[in-house]
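S.K.: What follows is protein.pdb; its format and atoms are PDB, C-alpha atoms, pLDDT in the B column.
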```pdb
ATOM      1  CA  GLY A   1      -5.822  -3.063 -17.568  1.00 64.00           C
ATOM      2  CA  GLU A   2      -2.088  -3.000 -17.092  1.00 77.00           C
ATOM      3  CA  ASN A   3      -0.402  -6.384 -16.914  1.00 88.00           C
ATOM      4  CA  VAL A   4       3.048  -7.953 -16.533  1.00 94.00           C
ATOM      5  CA  GLU A   5       3.563 -11.499 -17.810  1.00 95.00           C
ATOM      6  CA  GLN A   6       6.543 -13.510 -16.604  1.00 96.00           C
ATOM      7  CA  HIS A   7       8.040 -16.726 -17.997  1.00 96.00           C
ATOM      8  CA  PRO A   8       8.924 -19.389 -17.145  1.00 96.00           C
ATOM      9  CA  SER A   9       7.096 -20.098 -13.905  1.00 94.00           C
ATOM     10  CA  THR A  10       9.765 -22.615 -12.886  1.00 97.00           C
ATOM     11  CA  LEU A  11      13.368 -22.949 -14.013  1.00 97.00           C
ATOM     12  CA  SER A  12      15.867 -25.627 -13.094  1.00 97.00           C
ATOM     13  CA  VAL A  13      19.561 -25.276 -13.986  1.00 97.00           C
ATOM     14  CA  GLN A  14      22.867 -26.867 -13.081  1.00 97.00           C
ATOM     15  CA  GLU A  15      25.342 -24.890 -11.038  1.00 97.00           C
ATOM     16  CA  GLY A  16      27.487 -22.772 -13.333  1.00 97.00           C
ATOM     17  CA  ASP A  17      24.878 -22.539 -16.088  1.00 97.00           C
ATOM     18  CA  SER A  18      23.078 -19.338 -17.032  1.00 97.00           C
ATOM     19  CA  ALA A  19      19.439 -18.572 -16.242  1.00 98.00           C
ATOM     20  CA  VAL A  20      17.159 -16.209 -18.141  1.00 98.00           C
ATOM     21  CA  ILE A  21      13.757 -14.961 -17.011  1.00 98.00           C
ATOM     22  CA  LYS A  22      11.588 -12.948 -19.374  1.00 98.00           C
ATOM     23  CA  CYS A  23       8.799 -10.426 -18.788  1.00 98.00           C
ATOM     24  CA  THR A  24       6.487  -8.451 -21.011  1.00 97.00           C
ATOM     25  CA  TYR A  25       4.431  -5.444 -19.969  1.00 96.00           C
ATOM     26  CA  SER A  26       1.355  -3.853 -21.473  1.00 93.00           C
ATOM     27  CA  ASP A  27       1.495  -0.188 -20.408  1.00 90.00           C
ATOM     28  CA  SER A  28       3.553   1.885 -22.827  1.00 89.00           C
ATOM     29  CA  ALA A  29       3.899   4.538 -20.105  1.00 88.00           C
ATOM     30  CA  SER A  30       5.924   2.163 -17.884  1.00 91.00           C
ATOM     31  CA  ASN A  31       9.374   3.624 -17.336  1.00 90.00           C
ATOM     32  CA  TYR A  32      10.954   1.743 -14.417  1.00 92.00           C
ATOM     33  CA  PHE A  33      11.548  -2.009 -14.203  1.00 95.00           C
ATOM     34  CA  PRO A  34      12.863  -3.561 -10.973  1.00 96.00           C
ATOM     35  CA  TRP A  35      13.624  -7.204 -10.281  1.00 97.00           C
ATOM     36  CA  TYR A  36      13.141  -8.801  -6.873  1.00 97.00           C
ATOM     37  CA  LYS A  37      14.480 -11.994  -5.317  1.00 97.00           C
ATOM     38  CA  GLN A  38      12.443 -13.708  -2.620  1.00 96.00           C
ATOM     39  CA  GLU A  39      14.041 -16.384  -0.491  1.00 94.00           C
ATOM     40  CA  LEU A  40      12.020 -18.763   1.620  1.00 89.00           C
ATOM     41  CA  GLY A  41      10.436 -17.053   4.598  1.00 85.00           C
ATOM     42  CA  LYS A  42      11.585 -13.589   3.567  1.00 88.00           C
ATOM     43  CA  GLY A  43      10.128 -10.588   1.806  1.00 92.00           C
ATOM     44  CA  PRO A  44      11.169  -9.733  -1.771  1.00 94.00           C
ATOM     45  CA  GLN A  45      14.502  -7.944  -2.050  1.00 94.00           C
ATOM     46  CA  LEU A  46      15.450  -5.594  -4.875  1.00 94.00           C
ATOM     47  CA  ILE A  47      18.403  -7.024  -6.798  1.00 96.00           C
ATOM     48  CA  ILE A  48      18.602  -4.841  -9.916  1.00 96.00           C
ATOM     49  CA  ASP A  49      16.530  -2.279 -11.750  1.00 95.00           C
ATOM     50  CA  ILE A  50      16.529  -0.482 -15.090  1.00 94.00           C
ATOM     51  CA  ARG A  51      14.999   2.719 -16.320  1.00 90.00           C
ATOM     52  CA  SER A  52      13.436   3.272 -19.703  1.00 85.00           C
ATOM     53  CA  ASN A  53      16.275   5.434 -21.019  1.00 84.00           C
ATOM     54  CA  VAL A  54      18.723   2.530 -20.664  1.00 83.00           C
ATOM     55  CA  GLY A  55      18.858  -0.670 -22.719  1.00 90.00           C
ATOM     56  CA  GLU A  56      21.034  -2.811 -20.479  1.00 94.00           C
ATOM     57  CA  LYS A  57      22.446  -2.804 -16.969  1.00 94.00           C
ATOM     58  CA  LYS A  58      24.854  -5.204 -15.326  1.00 96.00           C
ATOM     59  CA  ASP A  59      25.846  -5.879 -11.731  1.00 94.00           C
ATOM     60  CA  GLN A  60      28.400  -8.677 -11.339  1.00 95.00           C
ATOM     61  CA  ARG A  61      26.640 -11.922 -12.373  1.00 96.00           C
ATOM     62  CA  ILE A  62      23.262 -10.268 -12.900  1.00 98.00           C
ATOM     63  CA  ALA A  63      22.173  -8.275 -15.934  1.00 97.00           C
ATOM     64  CA  VAL A  64      18.880  -6.854 -17.144  1.00 97.00           C
ATOM     65  CA  THR A  65      17.960  -5.912 -20.705  1.00 97.00           C
ATOM     66  CA  LEU A  66      15.061  -3.760 -21.863  1.00 96.00           C
ATOM     67  CA  ASN A  67      13.422  -3.562 -25.272  1.00 95.00           C
ATOM     68  CA  LYS A  68      10.919  -0.718 -25.094  1.00 93.00           C
ATOM     69  CA  THR A  69       9.628  -1.265 -28.627  1.00 93.00           C
ATOM     70  CA  ALA A  70       8.684  -4.847 -27.861  1.00 94.00           C
ATOM     71  CA  LYS A  71       7.707  -4.007 -24.238  1.00 95.00           C
ATOM     72  CA  HIS A  72       9.980  -6.770 -23.090  1.00 95.00           C
ATOM     73  CA  PHE A  73      12.643  -7.025 -20.381  1.00 97.00           C
ATOM     74  CA  SER A  74      14.759  -9.907 -19.141  1.00 98.00           C
ATOM     75  CA  LEU A  75      16.908 -10.947 -16.188  1.00 98.00           C
ATOM     76  CA  HIS A  76      20.121 -12.835 -16.915  1.00 98.00           C
ATOM     77  CA  ILE A  77      22.060 -14.659 -14.208  1.00 98.00           C
ATOM     78  CA  THR A  78      25.419 -16.089 -15.215  1.00 97.00           C
ATOM     79  CA  GLU A  79      27.523 -18.700 -13.416  1.00 97.00           C
ATOM     80  CA  THR A  80      24.581 -19.667 -11.228  1.00 97.00           C
ATOM     81  CA  GLN A  81      25.200 -20.843  -7.668  1.00 97.00           C
ATOM     82  CA  PRO A  82      22.953 -22.800  -5.281  1.00 96.00           C
ATOM     83  CA  GLU A  83      22.340 -19.610  -3.276  1.00 96.00           C
ATOM     84  CA  ASP A  84      20.675 -18.113  -6.362  1.00 97.00           C
ATOM     85  CA  SER A  85      17.786 -20.535  -5.778  1.00 97.00           C
ATOM     86  CA  ALA A  86      14.738 -18.401  -4.963  1.00 97.00           C
ATOM     87  CA  VAL A  87      11.596 -16.924  -6.482  1.00 96.00           C
ATOM     88  CA  TYR A  88      12.251 -13.985  -8.789  1.00 97.00           C
ATOM     89  CA  PHE A  89       9.681 -11.295  -9.599  1.00 96.00           C
ATOM     90  CA  CYS A  90       9.769  -8.706 -12.331  1.00 96.00           C
ATOM     91  CA  ALA A  91       7.769  -5.483 -12.064  1.00 95.00           C
ATOM     92  CA  ALA A  92       6.884  -2.424 -14.103  1.00 94.00           C
ATOM     93  CA  THR A  93       5.547   0.973 -13.136  1.00 90.00           C
ATOM     94  CA  SER A  94       1.992   1.915 -13.925  1.00 85.00           C
ATOM     95  CA  PRO A  95       1.026   5.591 -13.757  1.00 80.00           C
ATOM     96  CA  LEU A  96      -1.606   6.866 -11.374  1.00 75.00           C
ATOM     97  CA  SER A  97      -3.341  10.196 -11.100  1.00 72.00           C
ATOM     98  CA  GLY A  98      -1.507  13.045  -9.432  1.00 71.00           C
ATOM     99  CA  GLY A  99       1.839  12.066 -10.928  1.00 72.00           C
ATOM    100  CA  TYR A 100       2.243   8.996  -8.754  1.00 77.00           C
ATOM    101  CA  ASN A 101       2.809   5.428  -9.874  1.00 81.00           C
ATOM    102  CA  LYS A 102       2.559   1.896  -8.568  1.00 85.00           C
ATOM    103  CA  LEU A 103       4.399  -1.326  -9.395  1.00 90.00           C
ATOM    104  CA  ILE A 104       2.689  -4.163 -11.232  1.00 91.00           C
ATOM    105  CA  PHE A 105       4.364  -7.517 -10.546  1.00 92.00           C
ATOM    106  CA  GLY A 106       4.747 -10.624 -12.622  1.00 93.00           C
ATOM    107  CA  ALA A 107       3.583 -13.943 -11.178  1.00 92.00           C
ATOM    108  CA  GLY A 108       7.131 -15.021 -10.295  1.00 94.00           C
ATOM    109  CA  THR A 109       9.708 -17.591 -11.419  1.00 96.00           C
ATOM    110  CA  ARG A 110      10.924 -20.289  -9.065  1.00 96.00           C
ATOM    111  CA  LEU A 111      14.600 -20.860  -9.869  1.00 98.00           C
ATOM    112  CA  ALA A 112      16.337 -24.013  -8.633  1.00 98.00           C
ATOM    113  CA  VAL A 113      20.116 -24.292  -9.042  1.00 97.00           C
ATOM    114  CA  HIS A 114      21.367 -27.856  -8.582  1.00 96.00           C
ATOM    115  CA  PRO A 115      24.947 -28.533  -7.421  1.00 92.00           C
TER     116      PRO A 115
ATOM    117  CA  ASP B   1      20.366  -1.293   8.395  1.00 64.00           C
ATOM    118  CA  VAL B   2      17.117   0.189   7.118  1.00 63.00           C
ATOM    119  CA  LYS B   3      14.039  -1.825   7.779  1.00 90.00           C
ATOM    120  CA  VAL B   4      10.394  -2.438   7.164  1.00 95.00           C
ATOM    121  CA  THR B   5       9.050  -4.375  10.128  1.00 95.00           C
ATOM    122  CA  GLN B   6       5.799  -6.306  10.137  1.00 95.00           C
ATOM    123  CA  SER B   7       4.609  -7.032  13.634  1.00 87.00           C
ATOM    124  CA  SER B   8       3.652 -10.690  13.156  1.00 89.00           C
ATOM    125  CA  ARG B   9       5.189 -13.450  11.037  1.00 91.00           C
ATOM    126  CA  TYR B  10       2.258 -15.824  11.500  1.00 95.00           C
ATOM    127  CA  LEU B  11      -1.333 -15.180  12.512  1.00 96.00           C
ATOM    128  CA  VAL B  12      -4.336 -17.469  12.845  1.00 97.00           C
ATOM    129  CA  LYS B  13      -7.725 -15.774  13.132  1.00 97.00           C
ATOM    130  CA  ARG B  14     -11.323 -16.896  13.095  1.00 97.00           C
ATOM    131  CA  THR B  15     -13.864 -16.011  10.427  1.00 98.00           C
ATOM    132  CA  GLY B  16     -15.584 -12.734  11.271  1.00 97.00           C
ATOM    133  CA  GLU B  17     -12.799 -11.375  13.469  1.00 97.00           C
ATOM    134  CA  LYS B  18     -11.415  -7.889  12.931  1.00 97.00           C
ATOM    135  CA  VAL B  19      -7.720  -8.253  12.143  1.00 97.00           C
ATOM    136  CA  PHE B  20      -4.988  -5.633  12.320  1.00 97.00           C
ATOM    137  CA  LEU B  21      -1.701  -6.055  10.460  1.00 97.00           C
ATOM    138  CA  GLU B  22       0.941  -3.538  11.454  1.00 96.00           C
ATOM    139  CA  CYS B  23       3.880  -2.230   9.458  1.00 97.00           C
ATOM    140  CA  VAL B  24       6.589   0.183  10.583  1.00 97.00           C
ATOM    141  CA  GLN B  25       9.461   1.620   8.537  1.00 96.00           C
ATOM    142  CA  ASP B  26      12.487   3.501   9.825  1.00 94.00           C
ATOM    143  CA  MET B  27      13.603   5.104   6.559  1.00 90.00           C
ATOM    144  CA  ASP B  28      11.392   8.221   6.651  1.00 91.00           C
ATOM    145  CA  HIS B  29       9.738   7.065   3.425  1.00 91.00           C
ATOM    146  CA  GLU B  30       6.671   8.912   2.236  1.00 91.00           C
ATOM    147  CA  ASN B  31       5.050   6.069   0.281  1.00 92.00           C
ATOM    148  CA  MET B  32       3.820   2.821   1.833  1.00 94.00           C
ATOM    149  CA  PHE B  33       2.016  -0.140   0.309  1.00 95.00           C
ATOM    150  CA  TRP B  34       0.171  -3.312   1.259  1.00 97.00           C
ATOM    151  CA  TYR B  35       0.274  -6.300  -1.105  1.00 96.00           C
ATOM    152  CA  ARG B  36      -1.021  -9.814  -0.780  1.00 96.00           C
ATOM    153  CA  GLN B  37       0.905 -12.694  -2.303  1.00 94.00           C
ATOM    154  CA  ASP B  38      -0.783 -15.860  -3.513  1.00 91.00           C
ATOM    155  CA  PRO B  39       0.735 -18.768  -5.481  1.00 85.00           C
ATOM    156  CA  GLY B  40       0.494 -18.245  -9.225  1.00 81.00           C
ATOM    157  CA  LEU B  41      -0.904 -14.741  -8.821  1.00 85.00           C
ATOM    158  CA  GLY B  42       2.204 -12.859  -7.772  1.00 86.00           C
ATOM    159  CA  LEU B  43       1.794  -9.710  -5.700  1.00 91.00           C
ATOM    160  CA  ARG B  44      -1.448  -7.785  -5.840  1.00 92.00           C
ATOM    161  CA  LEU B  45      -1.844  -4.263  -4.477  1.00 92.00           C
ATOM    162  CA  ILE B  46      -4.476  -3.818  -1.771  1.00 96.00           C
ATOM    163  CA  TYR B  47      -3.972  -0.226  -0.600  1.00 95.00           C
ATOM    164  CA  PHE B  48      -1.269   2.396  -0.643  1.00 93.00           C
ATOM    165  CA  SER B  49      -0.495   5.711   0.982  1.00 94.00           C
ATOM    166  CA  TYR B  50       1.520   8.599  -0.447  1.00 89.00           C
ATOM    167  CA  ASP B  51       1.914  10.351   2.872  1.00 87.00           C
ATOM    168  CA  VAL B  52       0.494  10.663   6.363  1.00 89.00           C
ATOM    169  CA  LYS B  53      -3.303  10.616   6.509  1.00 86.00           C
ATOM    170  CA  MET B  54      -3.473   9.764   2.785  1.00 88.00           C
ATOM    171  CA  LYS B  55      -4.749   6.477   1.431  1.00 92.00           C
ATOM    172  CA  GLU B  56      -5.696   5.135  -1.978  1.00 91.00           C
ATOM    173  CA  LYS B  57      -7.334   1.913  -3.089  1.00 92.00           C
ATOM    174  CA  GLY B  58      -5.238  -0.547  -5.010  1.00 91.00           C
ATOM    175  CA  ASP B  59      -6.415  -3.349  -7.264  1.00 89.00           C
ATOM    176  CA  ILE B  60      -8.124  -5.550  -4.639  1.00 94.00           C
ATOM    177  CA  PRO B  61      -9.342  -3.316  -1.761  1.00 96.00           C
ATOM    178  CA  GLU B  62     -12.602  -5.141  -1.044  1.00 96.00           C
ATOM    179  CA  GLY B  63     -12.779  -6.360   2.532  1.00 96.00           C
ATOM    180  CA  TYR B  64      -9.815  -4.269   3.654  1.00 97.00           C
ATOM    181  CA  SER B  65      -9.174  -0.797   5.023  1.00 97.00           C
ATOM    182  CA  VAL B  66      -6.010   1.032   6.100  1.00 97.00           C
ATOM    183  CA  SER B  67      -4.809   3.630   8.535  1.00 96.00           C
ATOM    184  CA  ARG B  68      -1.790   5.922   8.383  1.00 96.00           C
ATOM    185  CA  GLU B  69      -1.785   8.271  11.352  1.00 94.00           C
ATOM    186  CA  LYS B  70       2.007   8.542  11.513  1.00 95.00           C
ATOM    187  CA  LYS B  71       4.536   8.601   8.692  1.00 94.00           C
ATOM    188  CA  GLU B  72       6.348   5.485   9.839  1.00 95.00           C
ATOM    189  CA  ARG B  73       3.308   3.268  10.424  1.00 96.00           C
ATOM    190  CA  PHE B  74       0.821   1.822   7.939  1.00 97.00           C
ATOM    191  CA  SER B  75      -1.838  -0.559   9.209  1.00 97.00           C
ATOM    192  CA  LEU B  76      -3.966  -2.961   7.202  1.00 97.00           C
ATOM    193  CA  ILE B  77      -7.361  -3.827   8.665  1.00 97.00           C
ATOM    194  CA  LEU B  78      -9.520  -6.784   7.747  1.00 97.00           C
ATOM    195  CA  GLU B  79     -12.939  -5.613   8.873  1.00 94.00           C
ATOM    196  CA  SER B  80     -14.450  -9.109   9.076  1.00 97.00           C
ATOM    197  CA  ALA B  81     -11.943 -11.807   8.202  1.00 97.00           C
ATOM    198  CA  SER B  82     -12.982 -14.476   5.710  1.00 97.00           C
ATOM    199  CA  THR B  83     -11.269 -17.678   4.607  1.00 97.00           C
ATOM    200  CA  ASN B  84     -10.498 -16.219   1.173  1.00 96.00           C
ATOM    201  CA  GLN B  85      -8.288 -13.677   2.917  1.00 98.00           C
ATOM    202  CA  THR B  86      -5.898 -16.420   3.961  1.00 97.00           C
ATOM    203  CA  SER B  87      -2.679 -15.270   2.329  1.00 97.00           C
ATOM    204  CA  MET B  88       0.802 -13.815   2.742  1.00 96.00           C
ATOM    205  CA  TYR B  89       0.628 -10.059   3.328  1.00 97.00           C
ATOM    206  CA  LEU B  90       3.596  -7.887   2.422  1.00 97.00           C
ATOM    207  CA  CYS B  91       4.181  -4.293   3.422  1.00 97.00           C
ATOM    208  CA  ALA B  92       6.562  -2.082   1.449  1.00 96.00           C
ATOM    209  CA  SER B  93       7.804   1.483   1.486  1.00 94.00           C
ATOM    210  CA  ARG B  94       9.767   3.809  -0.793  1.00 90.00           C
ATOM    211  CA  PRO B  95      10.835   7.450  -0.937  1.00 87.00           C
ATOM    212  CA  ALA B  96       8.665   9.997  -2.723  1.00 82.00           C
ATOM    213  CA  GLY B  97       9.412  10.243  -6.437  1.00 73.00           C
ATOM    214  CA  LEU B  98       8.508   8.148  -9.415  1.00 63.00           C
ATOM    215  CA  ASN B  99      11.249   5.635  -9.945  1.00 70.00           C
ATOM    216  CA  TYR B 100      12.392   3.999  -6.789  1.00 77.00           C
ATOM    217  CA  GLY B 101      12.174   0.355  -5.842  1.00 82.00           C
ATOM    218  CA  TYR B 102      10.262  -0.749  -2.811  1.00 90.00           C
ATOM    219  CA  THR B 103      11.748  -2.045   0.413  1.00 92.00           C
ATOM    220  CA  PHE B 104       9.625  -4.949   1.624  1.00 95.00           C
ATOM    221  CA  GLY B 105       8.988  -6.351   5.060  1.00 95.00           C
ATOM    222  CA  SER B 106       9.313 -10.078   5.755  1.00 94.00           C
ATOM    223  CA  GLY B 107       5.594 -10.666   5.438  1.00 95.00           C
ATOM    224  CA  THR B 108       2.762 -11.874   7.631  1.00 96.00           C
ATOM    225  CA  ARG B 109       1.233 -15.217   6.813  1.00 96.00           C
ATOM    226  CA  LEU B 110      -2.406 -14.988   7.822  1.00 97.00           C
ATOM    227  CA  THR B 111      -4.637 -18.031   8.124  1.00 97.00           C
ATOM    228  CA  VAL B 112      -8.367 -17.494   8.605  1.00 97.00           C
ATOM    229  CA  VAL B 113     -10.195 -20.548   9.922  1.00 97.00           C
TER     230      VAL B 113
END
```
Please render this file's structure as structure tokens.

M.R.:
Amino acid sequence: GENVEQHPSTLSVQEGDSAVIKCTYSDSASNYFPWYKQELGKGPQLIIDIRSNVGEKKDQRIAVTLNKTAKHFSLHITETQPEDSAVYFCAATSPLSGGYNKLIFGAGTRLAVHP
Amino acid sequence: DVKVTQSSRYLVKRTGEKVFLECVQDMDHENMFWYRQDPGLGLRLIYFSYDVKMKEKGDIPEGYSVSREKKERFSLILESASTNQTSMYLCASRPAGLNYGYTFGSGTRLTVV
């Protein structure tokens, strides 16, 4: 069935460095790719998303790239700060009957930014 | 500030109990979802609802049921709780339409003993 693989599972960087998290998806019909940040004790929060008609999107220190041919998308965080430490999830849409869809999530990446 | 509110942050229940997890959203969203989150497995879809009175099975519906009598409220029911249902449960909602991100609640951490 449909699947989203996410790597790495853990990532440790020094403050100011860049962090990259990569995901691949299996369903060629996927057309929407959100990224979520989950801080301790909280629910996941949408931080950026990209649609299949766009190759790259940027919002301040966060950017997402999409390669539809390779079924691959990535999250890039530049100039990391300690408050970026959290678990990050990628997701991709999977079509359902009736024109609806659901999100399939990756297993998550625990990012630690050290001062 | 728009919200998805889950009624309990922490719950401890006994094996065999019937458990109700409640979720309320104030954004007039049509779609609502229940996921469970387990380490190394990410988020897995239990049930979802496109609108009032509608419900659809997700990827892991066994042992669960849902109720959506009002648009703003989506309840997850564990018919007879078991220890393998110990998990973090997350409720989410989104507007109707194909490509919108979810808004999640803060989660309910359920322990079944």

S.K.: Written as a ChimeraX atom specification, what is the full residue list that the PyMOL selection byres ((chain B) within 6 of (chain A)) yields on the file shown?

M.R.: /B:40-43,99,104-107

S.K.: Would you work out the distance separating CA of Arg9 (chain B) from CA of Ala92 (chain B), expressed in Å to one decimal?

M.R.: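 Computed distance, CA of Arg9 (chain B) to CA of Ala92 (chain B), equals 14.9 Å.
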
S.K.: Could you tell me, as a list of chain:residue names, exactly which residues end up selected when the PyMOL selection byres ((chain B and resi 27-38) around 6) is applied to this structure?

M.R.: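 Taken over the shown coordinates, the PyMOL selection byres ((chain B and resi 27-38) around 6) returns B:Gln25, B:Asp26, B:Pro39, B:Leu41, B:Gly42, B:Leu43, B:Arg44, B:Leu45, B:Ile46, B:Tyr47, B:Phe48, B:Ser49, B:Tyr50, B:Asp51, B:Met88, B:Tyr89, B:Leu90, B:Cys91, B:Ala92, B:Ser93, B:Arg94, B:Pro95, B:Ala96.
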
S.K.: Hey, which of B:Val66, B:Leu76, B:Ile60, B:Val4 ends up closest to Val19 (chain B)? Count only C-alpha atoms.

M.R.: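 Nearest to Val19 (chain B): B:Leu76.
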
S.K.: Could you tell me which of B:Lys3, B:Ala81, B:Gly63, B:Phe20 comes closest to Val113 (chain B) if we count only C-alpha atoms?

M.R.: B:Ala81

S.K.: Here's a test: counting all atoms listed in the file, identify every protein, DNA and RNA residue with an atom at most 7 Å from (2.4, 10.5, 7.5) in the file's coordinate frame, and state them as a list of chain:residue names.

M.R.: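 These residues have at least one counted atom within 7 Å: B:Glu30, B:Asp51, B:Val52, B:Lys53, B:Arg68, B:Glu69, B:Lys70, B:Lys71, B:Glu72.
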
S.K.: Can you turn the PyMOL selection byres ((chain A and resi 13) around 10) into a concrete residue list for this file, as a ChimeraX atom specification?

M.R.: /A:11-12,14-19,80-82,85,111-115

S.K.: Output C-alpha atoms for every residue in the selection just made, as a PDB file, in the frame of the given file.

M.R.:
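Once written, again_23.pdb looks like this:
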```
ATOM      1  CA  LEU A  11      13.368 -22.949 -14.013  1.00 97.00           C
ATOM      2  CA  SER A  12      15.867 -25.627 -13.094  1.00 97.00           C
ATOM      3  CA  GLN A  14      22.867 -26.867 -13.081  1.00 97.00           C
ATOM      4  CA  GLU A  15      25.342 -24.890 -11.038  1.00 97.00           C
ATOM      5  CA  GLY A  16      27.487 -22.772 -13.333  1.00 97.00           C
ATOM      6  CA  ASP A  17      24.878 -22.539 -16.088  1.00 97.00           C
ATOM      7  CA  SER A  18      23.078 -19.338 -17.032  1.00 97.00           C
ATOM      8  CA  ALA A  19      19.439 -18.572 -16.242  1.00 98.00           C
ATOM      9  CA  THR A  80      24.581 -19.667 -11.228  1.00 97.00           C
ATOM     10  CA  GLN A  81      25.200 -20.843  -7.668  1.00 97.00           C
ATOM     11  CA  PRO A  82      22.953 -22.800  -5.281  1.00 96.00           C
ATOM     12  CA  SER A  85      17.786 -20.535  -5.778  1.00 97.00           C
ATOM     13  CA  LEU A 111      14.600 -20.860  -9.869  1.00 98.00           C
ATOM     14  CA  ALA A 112      16.337 -24.013  -8.633  1.00 98.00           C
ATOM     15  CA  VAL A 113      20.116 -24.292  -9.042  1.00 97.00           C
ATOM     16  CA  HIS A 114      21.367 -27.856  -8.582  1.00 96.00           C
ATOM     17  CA  PRO A 115      24.947 -28.533  -7.421  1.00 92.00           C
TER      18      PRO A 115
END
```

S.K.: By how many Å are CA of Phe73 (chain A) and CA of Cys23 (chain A) apart?

M.R.: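 Between these atoms lies a distance of 5.4 Å.
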
S.K.: For CA of Gly16 (chain B) and CA of Thr111 (chain B), quote the distance in Å rounded to one decimal.

M.R.: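 Going from CA of Gly16 (chain B) over to CA of Thr111 (chain B), I get 12.6 Å.
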
S.K.: Between A:Val64, A:Ala29, A:Ala70, A:Ile21, which residue has the minimum interatomic distance to Val87 (chain A), considering all atoms listed in the file?

M.R.: A:Ile21

S.K.: Nearest to Thr5 (chain B): which of B:Glu79, B:Glu62, B:Glu22, B:Glu56 is it, counting only C-alpha atoms?

M.R.: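 With only C-alpha atoms as the atom set, the closest residue is B:Glu22.
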
S.K.: Applying 8 Å and only C-alpha atoms, which residues near Thr86 (chain B) remain after dropping the ones on its own chain fewer than 6 positions away? List them as an mmCIF file with C-alpha atoms, keeping the file's coordinate frame.

M.R.:
```
data_model
loop_
_atom_site.group_PDB
_atom_site.id
_atom_site.type_symbol
_atom_site.label_atom_id
_atom_site.label_comp_id
_atom_site.auth_asym_id
_atom_site.auth_seq_id
_atom_site.Cartn_x
_atom_site.Cartn_y
_atom_site.Cartn_z
ATOM 1 C CA ARG B 109 1.233 -15.217 6.813
ATOM 2 C CA LEU B 110 -2.406 -14.988 7.822
ATOM 3 C CA THR B 111 -4.637 -18.031 8.124
ATOM 4 C CA VAL B 112 -8.367 -17.494 8.605
#
```

S.K.: Just need the box for region 97-108 of chain B, edges along x, y and z, holding every atom the file lists for it with 6 Å tacked onto each side, so centre and edge lengths in Å to one decimal, as lines of an AutoDock Vina configuration file.

M.R.:
```
center_x = 7.6
center_y = -0.8
center_z = -1.2
size_x = 21.6
size_y = 34.1
size_z = 29.6
```

S.K.: Please provide the set of residues having any atom within 7 Å of Gly55 (chain A), restricted to all atoms listed in the file, with same-chain residues fewer than 5 positions apart removed, written as a list in words.

M.R.: Thr65, Leu66 and Asn67 of chain A

S.K.: Could you take the residues named above and write them with C-alpha atoms, as a CSV table (one decimal), in the coordinates of the input?

M.R.:
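Output below, filename again-v3.csv:
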```csv
chain,number,residue,atom,x,y,z
A,65,THR,CA,18.0,-5.9,-20.7
A,66,LEU,CA,15.1,-3.8,-21.9
A,67,ASN,CA,13.4,-3.6,-25.3
```

S.K.: From the list B:Ser87, B:Thr103, B:Gln6, B:Thr15, which residue is nearest Ser75 (chain B) when using only C-alpha atoms?

M.R.: B:Gln6
